[in-house]
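Below: the structure, in structure tokens.
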Amino acid sequence: MKTYLVTGATRGIGRAIAERLLSKGHTVYGVYKESNSHAGQLTKKYGKQVHLIQANLANKNEVDAAIKQLTKFRFDGIVNNAGIVYLTQWEDLDFQEWEETLTVNLTVPVKIVHGLKDSINDGAAIVNIA
């Protein structure tokens, strides 16, 4: 069996990806922001097969801490699924929200892959969802 990292693993598309991998017998390390009840459901259903790390990917310190934890493991695949969007009218554009969007959706996936470059097995797949 293989080991995967999935960001945004407790809800939506990320959860569907994580559950699909888990149902095939793989191990999943999942990063999630705040959905503790959803995280608990995954842990209850899959036990030691799933390992969840809570981190706000808009927060540099939390990203760095998550990467540090994850460097202890080897990965056969990374799915950068976590993302945010603010549906704002052009005239109401908030550049702090814009910078947060770029951080979570663009910078953090690169930072995760770069930070884990020594933990990625040969032949591994990296999928970025935007």
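Labels for the structure tokens follow display order: chains A, B, ..., residues from 1 in each chain, ligands from 1.
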
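Contact shell of segment 77-92 of chain A at 6 Å (only C-alpha atoms; same-chain neighbours under 3 positions omitted): Tyr4, Leu5, Val6, Thr7, Gly8, Gly14, Thr101, Val104, Asn105, Pro109, Ala124, Ala125, Ile126, Val127, Asn128 and Ile129 of chain A.
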
Of the candidates A:Lys48, A:Ala16, A:Ala9, A:Ala58, which one gets nearest to Glu97 of chain A if we count only C-alpha atoms? A:Ala58

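For segment 37-39 of chain A, the non-local neighbours within 7 Å, defined as residues at least 4 positions apart in the same chain or in other chains and counting only C-alpha atoms, are Thr10, Arg11 and Thr43 of chain A.
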
Next, write the just-selected residues to a file, as a PDB file, in the first residue's frame, keeping N, CA and C atoms as the atom set.
ATOM      1  N   THR A  10     -10.739  16.966   4.829  1.00  0.00           N
ATOM      2  CA  THR A  10     -11.914  16.605   5.645  1.00  0.00           C
ATOM      3  C   THR A  10     -13.251  17.031   5.058  1.00  0.00           C
ATOM      4  N   ARG A  11     -13.224  17.799   3.958  1.00  0.00           N
ATOM      5  CA  ARG A  11     -14.483  18.261   3.374  1.00  0.00           C
ATOM      6  C   ARG A  11     -14.381  18.282   1.849  1.00  0.00           C
ATOM      7  N   THR A  43     -11.390   9.909  11.247  1.00  0.00           N
ATOM      8  CA  THR A  43     -10.579   9.148  12.196  1.00  0.00           C
ATOM      9  C   THR A  43     -11.356   7.957  12.745  1.00  0.00           C
TER      10      THR A  43
END

Write down as a PyMOL selection string the residues of chain A whose backbone DSSP state falls under alpha helix (DSSP H). chain A and resi 12-23+36-46+60-70+95-102+108-115

Where in chain A does DSSP assign strand (DSSP E), given as a VMD selection string? chain A and resid 3 to 7 27 to 32 50 to 54 75 to 80 120 to 128

Which residues of segment 71-120 of chain A come within 12 Å of segment 61-65 of chain A, and for each one, what is the closest pair of atoms and their distance in Å to one decimal, counting only C-alpha atoms, sorted by chain and residue number, as JSON lines?
{"residue": "A:Thr71", "atom": "CA", "partner": "A:Ala65", "partner_atom": "CA", "distance": 10.1}
{"residue": "A:Thr103", "atom": "CA", "partner": "A:Val63", "partner_atom": "CA", "distance": 10.7}
{"residue": "A:Val104", "atom": "CA", "partner": "A:Val63", "partner_atom": "CA", "distance": 9.9}
{"residue": "A:Thr107", "atom": "CA", "partner": "A:Val63", "partner_atom": "CA", "distance": 10.8}
{"residue": "A:Val108", "atom": "CA", "partner": "A:Val63", "partner_atom": "CA", "distance": 7.6}
{"residue": "A:Pro109", "atom": "CA", "partner": "A:Val63", "partner_atom": "CA", "distance": 10.2}
{"residue": "A:Val110", "atom": "CA", "partner": "A:Val63", "partner_atom": "CA", "distance": 11.6}
{"residue": "A:Lys111", "atom": "CA", "partner": "A:Val63", "partner_atom": "CA", "distance": 8.6}
{"residue": "A:Ile112", "atom": "CA", "partner": "A:Val63", "partner_atom": "CA", "distance": 8.0}
{"residue": "A:Val113", "atom": "CA", "partner": "A:Val63", "partner_atom": "CA", "distance": 11.8}
{"residue": "A:His114", "atom": "CA", "partner": "A:Asp64", "partner_atom": "CA", "distance": 11.5}
{"residue": "A:Gly115", "atom": "CA", "partner": "A:Asp64", "partner_atom": "CA", "distance": 8.6}
{"residue": "A:Leu116", "atom": "CA", "partner": "A:Asp64", "partner_atom": "CA", "distance": 11.0}

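Straight-line separation from atom CA of Asp76 of chain A to atom CA of Gly30 of chain A: 13.8 Å.
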
For each of A:Ile13, A:Ala130, A:Gly40, A:Arg74, take the minimum atom-to-atom distance to Leu106 of chain A, counting only C-alpha atoms, then give the residue where this is smallest.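 Going through A:Ile13, A:Ala130, A:Gly40, A:Arg74 one by one, the smallest distance to Leu106 of chain A is for A:Ala130.
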